[in-house]
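Structure, as structure tokens:
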Amino acid sequence: MAEGRWSIAVHGGACRIPAALQAPRREGCAAALQAGKMILERGGSALEAVKTAICLLEDDPLFNAGRGSVANADGEVEMDAGIMDGATLAVGAVACVRFLYNPVEAAHAMLREPPILLVGAGAEAFATARGIAECKEGIRPATHDGGDHDTVGCVARDREGHVAAATSTGGLAGTLAGRVGDAPLPGCGFYAEDGIGAVSLSGDGEAIARTLLAARVMRALETKGAGAAAATIFDPLARLGAEAGVILLDRDGAIGIAHNSPHFAAAYAREGMDPVSAIVWKDHHAQ
Ligand code: GLY
């Protein structure tokens, strides 16, 4: 695997972000980026960097993941998270968990297990047995002061050339209890493979899953640059009339961002460049 510079990108949701929430969400993305960046700067792994960045976003009630998760139709929180190690192709994911502060920690622990995905009580028992913190009364739905609200994610490349991706969500507000979207499904809400790149998505989970959007982006990364690969989300989304956003890294750590939602909260950094944290607007592409 080619060694080289580290690289990292995070997102805090592809959605409409009211003006009053844009600065706090930008700052939340910047804080998560900084946490992951510090790990990479010190020679840590891409996997550790994405897990750490996602934990921060799950702890921030401004984002729809962990403590900021929205309510389903029963007024309950059900969270999904997935993580992937591009070096080994190990996948860990949990879905429909209600009692975990940090679903991504449980997903990370799943990387060492044969199953790739556990749901509900089984996932929570697995996490508790491994000492992962649980909220005994269940995570309560966040009360957000306006605006859509969707999903967090992170992709990273470390100096050894390994890549990783993670995505975590409180799902879509008001959906049926037991509904699972794209976030814990590899090839849908996330994917990572050394030598190709890493991708994390946010948006309409059913559309992302129906179009295997992460898999499409990974296939594009085999032959296209980061910006062009990111833009491959537009046609499948247009076909279904859906909204989403993507962050990705190519094999060398070049960053791509694209979305067709009104806004997309994102932050990114590469070794040797100043970090950027922004609310990007529709039709903006970054590379
Ligand atoms: N993209 C998150 C979800 O649809 O659940």
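Identifiers in this document derive from the order of the structure tokens: chains are assigned A, B, ..., residues are numbered from 1 separately in each chain, and ligands are numbered from 1 in order of occurrence.
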
What residues in region 30-254 of chain A get the DSSP label alpha helix (DSSP H)? Please answer as an mmCIF file with C-alpha atoms, in the first residue's frame.
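The file below, out12.cif, is the result:
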data_model
loop_
_atom_site.group_PDB
_atom_site.id
_atom_site.type_symbol
_atom_site.label_atom_id
_atom_site.label_comp_id
_atom_site.auth_asym_id
_atom_site.auth_seq_id
_atom_site.Cartn_x
_atom_site.Cartn_y
_atom_site.Cartn_z
ATOM 1 C CA ALA A 30 -14.649 21.530 12.808
ATOM 2 C CA ALA A 31 -14.317 20.047 16.318
ATOM 3 C CA ALA A 32 -14.868 16.511 15.049
ATOM 4 C CA LEU A 33 -12.388 17.090 12.227
ATOM 5 C CA GLN A 34 -9.805 18.378 14.687
ATOM 6 C CA ALA A 35 -10.167 15.279 16.884
ATOM 7 C CA GLY A 36 -9.644 12.940 13.938
ATOM 8 C CA LYS A 37 -6.853 15.081 12.508
ATOM 9 C CA MET A 38 -4.888 14.946 15.759
ATOM 10 C CA ILE A 39 -4.939 11.150 15.634
ATOM 11 C CA LEU A 40 -3.683 11.110 12.045
ATOM 12 C CA GLU A 41 -1.004 13.739 12.734
ATOM 13 C CA ALA A 46 -7.639 5.999 9.770
ATOM 14 C CA LEU A 47 -9.997 3.648 11.613
ATOM 15 C CA GLU A 48 -9.303 5.283 14.978
ATOM 16 C CA ALA A 49 -9.646 8.744 13.436
ATOM 17 C CA VAL A 50 -13.107 8.083 11.944
ATOM 18 C CA LYS A 51 -14.389 6.431 15.137
ATOM 19 C CA THR A 52 -13.205 9.335 17.277
ATOM 20 C CA ALA A 53 -14.632 11.999 14.969
ATOM 21 C CA ILE A 54 -18.014 10.243 14.846
ATOM 22 C CA CYS A 55 -18.113 9.910 18.653
ATOM 23 C CA LEU A 56 -17.795 13.699 18.924
ATOM 24 C CA LEU A 57 -20.601 14.257 16.437
ATOM 25 C CA GLU A 58 -22.775 11.693 18.263
ATOM 26 C CA ASP A 59 -22.125 13.584 21.521
ATOM 27 C CA PRO A 103 -23.567 3.566 18.400
ATOM 28 C CA VAL A 104 -20.319 3.876 16.412
ATOM 29 C CA GLU A 105 -18.418 2.376 19.350
ATOM 30 C CA ALA A 106 -20.575 -0.735 19.148
ATOM 31 C CA ALA A 107 -20.119 -0.818 15.372
ATOM 32 C CA HIS A 108 -16.351 -0.523 15.880
ATOM 33 C CA ALA A 109 -16.379 -3.449 18.327
ATOM 34 C CA MET A 110 -18.250 -5.470 15.694
ATOM 35 C CA GLY A 120 -31.906 -3.902 18.483
ATOM 36 C CA ALA A 121 -31.587 -5.748 21.779
ATOM 37 C CA GLY A 122 -28.928 -8.090 20.394
ATOM 38 C CA ALA A 123 -26.726 -5.158 19.419
ATOM 39 C CA GLU A 124 -27.230 -3.539 22.810
ATOM 40 C CA ALA A 125 -26.407 -6.736 24.699
ATOM 41 C CA PHE A 126 -23.269 -7.107 22.573
ATOM 42 C CA ALA A 127 -22.214 -3.527 23.354
ATOM 43 C CA THR A 128 -22.949 -3.765 27.068
ATOM 44 C CA ALA A 129 -20.958 -6.990 27.356
ATOM 45 C CA GLY A 205 -31.810 6.539 3.302
ATOM 46 C CA GLU A 206 -34.210 4.510 1.184
ATOM 47 C CA ALA A 207 -32.989 6.194 -2.015
ATOM 48 C CA ILE A 208 -29.337 5.791 -1.025
ATOM 49 C CA ALA A 209 -29.948 2.091 -0.379
ATOM 50 C CA ARG A 210 -32.020 1.515 -3.525
ATOM 51 C CA LEU A 213 -24.883 4.889 -3.745
ATOM 52 C CA ALA A 214 -21.658 4.204 -1.831
ATOM 53 C CA ALA A 215 -20.921 1.258 -4.141
ATOM 54 C CA ARG A 216 -21.491 3.436 -7.218
ATOM 55 C CA VAL A 217 -19.131 6.080 -5.880
ATOM 56 C CA MET A 218 -16.486 3.447 -5.106
ATOM 57 C CA ARG A 219 -16.746 2.079 -8.615
ATOM 58 C CA ALA A 220 -16.343 5.599 -10.002
ATOM 59 C CA LEU A 221 -13.253 6.081 -7.828
ATOM 60 C CA ALA A 226 -12.370 12.590 -6.421
ATOM 61 C CA GLY A 227 -14.557 15.446 -7.689
ATOM 62 C CA ALA A 228 -15.951 13.489 -10.632
ATOM 63 C CA ALA A 229 -16.576 10.431 -8.446
ATOM 64 C CA ALA A 230 -18.524 12.574 -5.954
ATOM 65 C CA PHE A 234 -26.547 13.205 -8.925
ATOM 66 C CA ASP A 235 -28.136 11.048 -11.643
ATOM 67 C CA PRO A 236 -29.342 8.203 -9.394
ATOM 68 C CA LEU A 237 -30.744 10.718 -6.903
ATOM 69 C CA ALA A 238 -32.486 12.691 -9.633
ATOM 70 C CA ARG A 239 -34.079 9.491 -10.928
ATOM 71 C CA LEU A 240 -35.688 8.906 -7.522
#

For chain A versus ligand 1, which residues have an atom no more than 8 Å away, and what is each residue's nearest atom pair and distance in Å rounded to one decimal, using only C-alpha atoms and all ligand atoms, chain-then-number order, as CSV?
residue,atom,partner,partner_atom_place_in_ligand_line,distance
A:Asp80,CA,ligand 1,5 (O),7.4
A:Asp150,CA,ligand 1,2 (C),6.1
A:Thr151,CA,ligand 1,2 (C),5.5
A:Ser168,CA,ligand 1,2 (C),7.9
A:Thr169,CA,ligand 1,2 (C),5.7
A:Gly170,CA,ligand 1,5 (O),6.7
A:Gly171,CA,ligand 1,5 (O),3.6
A:Leu172,CA,ligand 1,5 (O),5.4
A:Val180,CA,ligand 1,5 (O),6.3
A:Gly181,CA,ligand 1,5 (O),3.9
A:Asp182,CA,ligand 1,3 (C),5.6
A:Ala183,CA,ligand 1,2 (C),5.5
A:Gly189,CA,ligand 1,1 (N),7.1
A:Leu201,CA,ligand 1,1 (N),7.1
A:Ser202,CA,ligand 1,1 (N),4.7
A:Gly203,CA,ligand 1,1 (N),4.3
A:Asp204,CA,ligand 1,4 (O),4.7
A:Gly205,CA,ligand 1,4 (O),3.0
A:Glu206,CA,ligand 1,4 (O),6.2
A:Ile208,CA,ligand 1,1 (N),7.5
A:Ala244,CA,ligand 1,1 (N),7.9

Would you write out, as JSON lines, a table of all residues in region 96-163 of chain A that have an atom no more than 6 Å from an atom of region 6-24 of chain A, listing for each the closest atom pair and the distance in Å to one decimal, considering only C-alpha atoms and ordering rows by chain and rising residue number?
{"residue": "A:Gly147", "atom": "CA", "partner": "A:Ile17", "partner_atom": "CA", "distance": 5.4}
{"residue": "A:Asp148", "atom": "CA", "partner": "A:Arg16", "partner_atom": "CA", "distance": 5.4}
{"residue": "A:Asp150", "atom": "CA", "partner": "A:Gly13", "partner_atom": "CA", "distance": 4.6}
{"residue": "A:Thr151", "atom": "CA", "partner": "A:Gly13", "partner_atom": "CA", "distance": 5.0}
{"residue": "A:Val152", "atom": "CA", "partner": "A:Gly12", "partner_atom": "CA", "distance": 4.5}
{"residue": "A:Gly153", "atom": "CA", "partner": "A:His11", "partner_atom": "CA", "distance": 5.2}
{"residue": "A:Cys154", "atom": "CA", "partner": "A:Val10", "partner_atom": "CA", "distance": 4.2}
{"residue": "A:Val155", "atom": "CA", "partner": "A:Ala9", "partner_atom": "CA", "distance": 5.5}
{"residue": "A:Ala156", "atom": "CA", "partner": "A:Ile8", "partner_atom": "CA", "distance": 4.2}
{"residue": "A:Arg157", "atom": "CA", "partner": "A:Ser7", "partner_atom": "CA", "distance": 5.1}
{"residue": "A:Asp158", "atom": "CA", "partner": "A:Trp6", "partner_atom": "CA", "distance": 4.5}
{"residue": "A:Arg159", "atom": "CA", "partner": "A:Trp6", "partner_atom": "CA", "distance": 5.0}

Quick one: write out the picked residues with N, CA and C atoms as a JSON list (two decimals), in the first residue's frame?
[["chain", "number", "residue", "atom", "x", "y", "z"],
["A", 147, "GLY", "N", -35.49, 23.23, 11.01],
["A", 147, "GLY", "CA", -34.54, 22.70, 10.03],
["A", 147, "GLY", "C", -34.60, 21.20, 9.94],
["A", 148, "ASP", "N", -34.23, 20.69, 8.77],
["A", 148, "ASP", "CA", -34.10, 19.25, 8.59],
["A", 148, "ASP", "C", -32.84, 18.83, 9.33],
["A", 150, "ASP", "N", -29.95, 15.52, 9.40],
["A", 150, "ASP", "CA", -29.66, 14.19, 8.89],
["A", 150, "ASP", "C", -28.21, 13.75, 9.04],
["A", 151, "THR", "N", -27.93, 12.77, 9.83],
["A", 151, "THR", "CA", -26.77, 11.89, 9.72],
["A", 151, "THR", "C", -25.41, 12.57, 9.77],
["A", 152, "VAL", "N", -24.43, 11.85, 10.35],
["A", 152, "VAL", "CA", -23.04, 12.31, 10.37],
["A", 152, "VAL", "C", -22.15, 11.23, 9.75],
["A", 153, "GLY", "N", -20.98, 11.66, 9.28],
["A", 153, "GLY", "CA", -20.07, 10.69, 8.68],
["A", 153, "GLY", "C", -18.64, 11.18, 8.67],
["A", 154, "CYS", "N", -17.72, 10.26, 8.45],
["A", 154, "CYS", "CA", -16.30, 10.61, 8.39],
["A", 154, "CYS", "C", -15.57, 9.62, 7.49],
["A", 155, "VAL", "N", -14.63, 10.11, 6.71],
["A", 155, "VAL", "CA", -13.70, 9.26, 5.95],
["A", 155, "VAL", "C", -12.29, 9.73, 6.25],
["A", 156, "ALA", "N", -11.35, 8.81, 6.29],
["A", 156, "ALA", "CA", -9.96, 9.20, 6.60],
["A", 156, "ALA", "C", -8.98, 8.27, 5.89],
["A", 157, "ARG", "N", -7.79, 8.83, 5.64],
["A", 157, "ARG", "CA", -6.65, 8.07, 5.12],
["A", 157, "ARG", "C", -5.49, 8.36, 6.06],
["A", 158, "ASP", "N", -4.78, 7.32, 6.48],
["A", 158, "ASP", "CA", -3.63, 7.55, 7.37],
["A", 158, "ASP", "C", -2.33, 7.52, 6.58],
["A", 159, "ARG", "N", -1.23, 7.78, 7.28],
["A", 159, "ARG", "CA", 0.05, 7.91, 6.57],
["A", 159, "ARG", "C", 0.52, 6.58, 5.98]]

Item to check | Interatomic distance (Å, one decimal) between CA of Ala81 (chain A) and CA of Ala93 (chain A) | outcome: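 Computing it gives 5.5 Å between the two atoms.
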
Just the residues within 10 Å of Ala177 (chain A), please, counting only C-alpha atoms, with nothing from its chain fewer than 2 positions along; format it as a PDB file with N, CA, C and O atoms, in the first residue's frame.
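This went into out_15.pdb:
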ATOM      1  N   ALA A  71     -36.958  11.674  16.815  1.00  0.00           N
ATOM      2  CA  ALA A  71     -37.940  10.661  17.227  1.00  0.00           C
ATOM      3  C   ALA A  71     -38.556   9.968  16.024  1.00  0.00           C
ATOM      4  O   ALA A  71     -38.797  10.588  14.986  1.00  0.00           O
ATOM      5  N   ASN A  72     -38.842   8.660  16.199  1.00  0.00           N
ATOM      6  CA  ASN A  72     -39.610   7.950  15.168  1.00  0.00           C
ATOM      7  C   ASN A  72     -41.115   8.163  15.415  1.00  0.00           C
ATOM      8  O   ASN A  72     -41.503   8.979  16.276  1.00  0.00           O
ATOM      9  N   ALA A  73     -41.955   7.428  14.681  1.00  0.00           N
ATOM     10  CA  ALA A  73     -43.401   7.654  14.780  1.00  0.00           C
ATOM     11  C   ALA A  73     -43.944   7.344  16.169  1.00  0.00           C
ATOM     12  O   ALA A  73     -45.005   7.842  16.554  1.00  0.00           O
ATOM     13  N   ASP A  74     -43.223   6.524  16.949  1.00  0.00           N
ATOM     14  CA  ASP A  74     -43.643   6.201  18.310  1.00  0.00           C
ATOM     15  C   ASP A  74     -43.057   7.153  19.342  1.00  0.00           C
ATOM     16  O   ASP A  74     -43.187   6.923  20.549  1.00  0.00           O
ATOM     17  N   GLY A  75     -42.342   8.171  18.867  1.00  0.00           N
ATOM     18  CA  GLY A  75     -41.727   9.113  19.801  1.00  0.00           C
ATOM     19  C   GLY A  75     -40.430   8.600  20.399  1.00  0.00           C
ATOM     20  O   GLY A  75     -39.921   9.174  21.373  1.00  0.00           O
ATOM     21  N   GLU A  76     -39.887   7.509  19.849  1.00  0.00           N
ATOM     22  CA  GLU A  76     -38.654   6.917  20.377  1.00  0.00           C
ATOM     23  C   GLU A  76     -37.480   7.189  19.446  1.00  0.00           C
ATOM     24  O   GLU A  76     -37.656   7.432  18.249  1.00  0.00           O
ATOM     25  N   VAL A  77     -36.287   7.068  20.019  1.00  0.00           N
ATOM     26  CA  VAL A  77     -35.062   7.161  19.233  1.00  0.00           C
ATOM     27  C   VAL A  77     -34.617   5.763  18.835  1.00  0.00           C
ATOM     28  O   VAL A  77     -34.598   4.851  19.667  1.00  0.00           O
ATOM     29  N   GLU A  78     -34.268   5.573  17.569  1.00  0.00           N
ATOM     30  CA  GLU A  78     -33.626   4.336  17.099  1.00  0.00           C
ATOM     31  C   GLU A  78     -32.458   4.754  16.206  1.00  0.00           C
ATOM     32  O   GLU A  78     -32.655   5.471  15.215  1.00  0.00           O
ATOM     33  N   CYS A  96     -31.099   0.135  14.858  1.00  0.00           N
ATOM     34  CA  CYS A  96     -32.239   0.182  15.777  1.00  0.00           C
ATOM     35  C   CYS A  96     -31.795   0.067  17.233  1.00  0.00           C
ATOM     36  O   CYS A  96     -32.461  -0.626  18.019  1.00  0.00           O
ATOM     37  N   GLY A 174     -40.033  10.568  12.402  1.00  0.00           N
ATOM     38  CA  GLY A 174     -41.400  10.132  12.162  1.00  0.00           C
ATOM     39  C   GLY A 174     -41.553   8.840  11.391  1.00  0.00           C
ATOM     40  O   GLY A 174     -42.666   8.469  11.020  1.00  0.00           O
ATOM     41  N   THR A 175     -40.467   8.117  11.151  1.00  0.00           N
ATOM     42  CA  THR A 175     -40.588   6.865  10.394  1.00  0.00           C
ATOM     43  C   THR A 175     -41.100   5.740  11.290  1.00  0.00           C
ATOM     44  O   THR A 175     -41.074   5.832  12.522  1.00  0.00           O
ATOM     45  N   ARG A 179     -37.665   0.818  11.410  1.00  0.00           N
ATOM     46  CA  ARG A 179     -37.130   1.190  10.086  1.00  0.00           C
ATOM     47  C   ARG A 179     -35.602   1.344  10.161  1.00  0.00           C
ATOM     48  O   ARG A 179     -35.061   1.919  11.092  1.00  0.00           O
ATOM     49  N   VAL A 180     -34.908   0.803   9.160  1.00  0.00           N
ATOM     50  CA  VAL A 180     -33.455   0.952   9.058  1.00  0.00           C
ATOM     51  C   VAL A 180     -33.148   1.563   7.695  1.00  0.00           C
ATOM     52  O   VAL A 180     -33.666   1.096   6.674  1.00  0.00           O
TER      53      VAL A 180
END

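In this comparison, which uses only C-alpha atoms, the residue of A:Ala269, A:Leu62, A:Met79, A:Leu100 approaching Gly131 (chain A) most closely is A:Leu100.
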
Item to check | Separation of CA of Val276 (chain A) from CA of Cys29 (chain A), in Å and rounded to one decimal | outcome: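 Interatomic distance here is 9.7 Å.
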
Checklist entry - Neighbours of Glu193 (chain A) within 7 Å (only C-alpha atoms; same-chain residues fewer than 5 positions away dropped), as a VMD selection string? => result chain A and resid 86 to 87 89 163 198

Next on the checklist: For the structure I just gave you, how does DSSP split region 241-287 of chain A - specifically, which residues are strand (DSSP E)? Reply as a PyMOL selection string.
Outcome noted: chain A and resi 244-250+255-259+263-270+276-281

Now that the selection is made, can you save its residues with N, CA, C and O atoms as a JSON list (two decimals), in the first residue's frame?
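Listing of result_16.json after writing:
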[["chain", "number", "residue", "atom", "x", "y", "z"],
["A", 244, "ALA", "N", -29.35, 13.93, -1.15],
["A", 244, "ALA", "CA", -28.26, 13.34, -0.36],
["A", 244, "ALA", "C", -27.00, 14.18, -0.55],
["A", 244, "ALA", "O", -26.94, 15.07, -1.40],
["A", 245, "GLY", "N", -26.01, 13.86, 0.26],
["A", 245, "GLY", "CA", -24.68, 14.45, 0.12],
["A", 245, "GLY", "C", -23.64, 13.39, 0.37],
["A", 245, "GLY", "O", -23.90, 12.39, 1.05],
["A", 246, "VAL", "N", -22.45, 13.58, -0.21],
["A", 246, "VAL", "CA", -21.38, 12.59, -0.08],
["A", 246, "VAL", "C", -20.07, 13.28, 0.25],
["A", 246, "VAL", "O", -19.79, 14.38, -0.24],
["A", 247, "ILE", "N", -19.27, 12.64, 1.11],
["A", 247, "ILE", "CA", -17.86, 13.00, 1.26],
["A", 247, "ILE", "C", -17.06, 11.76, 0.87],
["A", 247, "ILE", "O", -17.48, 10.63, 1.13],
["A", 248, "LEU", "N", -15.90, 11.99, 0.26],
["A", 248, "LEU", "CA", -15.07, 10.83, -0.12],
["A", 248, "LEU", "C", -13.60, 11.22, -0.17],
["A", 248, "LEU", "O", -13.25, 12.40, -0.24],
["A", 249, "LEU", "N", -12.77, 10.21, -0.13],
["A", 249, "LEU", "CA", -11.34, 10.33, -0.37],
["A", 249, "LEU", "C", -10.98, 9.34, -1.44],
["A", 249, "LEU", "O", -11.51, 8.22, -1.45],
["A", 250, "ASP", "N", -10.06, 9.72, -2.34],
["A", 250, "ASP", "CA", -9.55, 8.71, -3.25],
["A", 250, "ASP", "C", -8.35, 8.00, -2.61],
["A", 250, "ASP", "O", -7.99, 8.27, -1.46],
["A", 255, "ILE", "N", -9.83, 14.81, -1.75],
["A", 255, "ILE", "CA", -11.16, 14.88, -1.13],
["A", 255, "ILE", "C", -12.20, 15.30, -2.17],
["A", 255, "ILE", "O", -11.96, 16.22, -2.96],
["A", 256, "GLY", "N", -13.36, 14.67, -2.15],
["A", 256, "GLY", "CA", -14.48, 15.05, -3.00],
["A", 256, "GLY", "C", -15.71, 15.26, -2.14],
["A", 256, "GLY", "O", -15.95, 14.51, -1.19],
["A", 257, "ILE", "N", -16.48, 16.28, -2.45],
["A", 257, "ILE", "CA", -17.74, 16.56, -1.74],
["A", 257, "ILE", "C", -18.78, 16.94, -2.78],
["A", 257, "ILE", "O", -18.49, 17.74, -3.68],
["A", 258, "ALA", "N", -19.99, 16.39, -2.66],
["A", 258, "ALA", "CA", -21.09, 16.80, -3.55],
["A", 258, "ALA", "C", -22.40, 16.58, -2.82],
["A", 258, "ALA", "O", -22.51, 15.70, -1.96],
["A", 259, "HIS", "N", -23.40, 17.36, -3.15],
["A", 259, "HIS", "CA", -24.73, 17.19, -2.54],
["A", 259, "HIS", "C", -25.76, 17.86, -3.43],
["A", 259, "HIS", "O", -25.43, 18.78, -4.19],
["A", 263, "HIS", "N", -28.31, 22.42, 1.73],
["A", 263, "HIS", "CA", -27.03, 22.65, 2.41],
["A", 263, "HIS", "C", -26.37, 21.32, 2.76],
["A", 263, "HIS", "O", -27.03, 20.28, 2.79],
["A", 264, "PHE", "N", -25.09, 21.40, 3.06],
["A", 264, "PHE", "CA", -24.34, 20.22, 3.50],
["A", 264, "PHE", "C", -23.27, 20.73, 4.46],
["A", 264, "PHE", "O", -22.45, 21.57, 4.07],
["A", 265, "ALA", "N", -23.31, 20.26, 5.70],
["A", 265, "ALA", "CA", -22.30, 20.67, 6.68],
["A", 265, "ALA", "C", -21.11, 19.73, 6.54],
["A", 265, "ALA", "O", -21.25, 18.52, 6.65],
["A", 266, "ALA", "N", -19.93, 20.30, 6.28],
["A", 266, "ALA", "CA", -18.77, 19.45, 6.04],
["A", 266, "ALA", "C", -17.49, 20.15, 6.46],
["A", 266, "ALA", "O", -17.43, 21.38, 6.52],
["A", 267, "ALA", "N", -16.47, 19.36, 6.76],
["A", 267, "ALA", "CA", -15.16, 19.90, 7.08],
["A", 267, "ALA", "C", -14.11, 18.92, 6.58],
["A", 267, "ALA", "O", -14.36, 17.71, 6.53],
["A", 268, "TYR", "N", -12.95, 19.42, 6.18],
["A", 268, "TYR", "CA", -11.93, 18.52, 5.64],
["A", 268, "TYR", "C", -10.55, 19.10, 5.83],
["A", 268, "TYR", "O", -10.38, 20.32, 5.99],
["A", 269, "ALA", "N", -9.56, 18.23, 5.80],
["A", 269, "ALA", "CA", -8.16, 18.64, 5.96],
["A", 269, "ALA", "C", -7.27, 17.58, 5.34],
["A", 269, "ALA", "O", -7.62, 16.39, 5.32],
["A", 270, "ARG", "N", -6.13, 18.02, 4.84],
["A", 270, "ARG", "CA", -5.08, 17.11, 4.36],
["A", 270, "ARG", "C", -3.78, 17.56, 4.96],
["A", 270, "ARG", "O", -3.61, 18.75, 5.28],
["A", 276, "VAL", "N", -10.56, 23.13, 6.55],
["A", 276, "VAL", "CA", -11.71, 23.90, 6.07],
["A", 276, "VAL", "C", -12.96, 23.34, 6.73],
["A", 276, "VAL", "O", -13.13, 22.13, 6.79],
["A", 277, "SER", "N", -13.81, 24.23, 7.25],
["A", 277, "SER", "CA", -15.11, 23.80, 7.76],
["A", 277, "SER", "C", -16.15, 24.73, 7.18],
["A", 277, "SER", "O", -16.01, 25.95, 7.26],
["A", 278, "ALA", "N", -17.19, 24.18, 6.57],
["A", 278, "ALA", "CA", -18.12, 25.04, 5.82],
["A", 278, "ALA", "C", -19.50, 24.43, 5.78],
["A", 278, "ALA", "O", -19.68, 23.22, 5.91],
["A", 279, "ILE", "N", -20.48, 25.30, 5.63],
["A", 279, "ILE", "CA", -21.81, 24.86, 5.18],
["A", 279, "ILE", "C", -21.80, 25.09, 3.68],
["A", 279, "ILE", "O", -21.77, 26.23, 3.22],
["A", 280, "VAL", "N", -21.76, 24.01, 2.92],
["A", 280, "VAL", "CA", -21.72, 24.20, 1.47],
["A", 280, "VAL", "C", -23.14, 24.24, 0.93],
["A", 280, "VAL", "O", -24.05, 23.61, 1.47],
["A", 281, "TRP", "N", -23.30, 25.02, -0.12],
["A", 281, "TRP", "CA", -24.61, 25.27, -0.68],
["A", 281, "TRP", "C", -24.82, 24.45, -1.94],
["A", 281, "TRP", "O", -23.87, 24.02, -2.56]]

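Checking A:Gly28, A:Gly272, A:Gly178, A:Gly195 one by one against Val97 (chain A), counting only C-alpha atoms, you find the shortest gap at A:Gly178.
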
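Between CA of Ile116 (chain A) and CA of Tyr191 (chain A) the separation is 12.8 Å.
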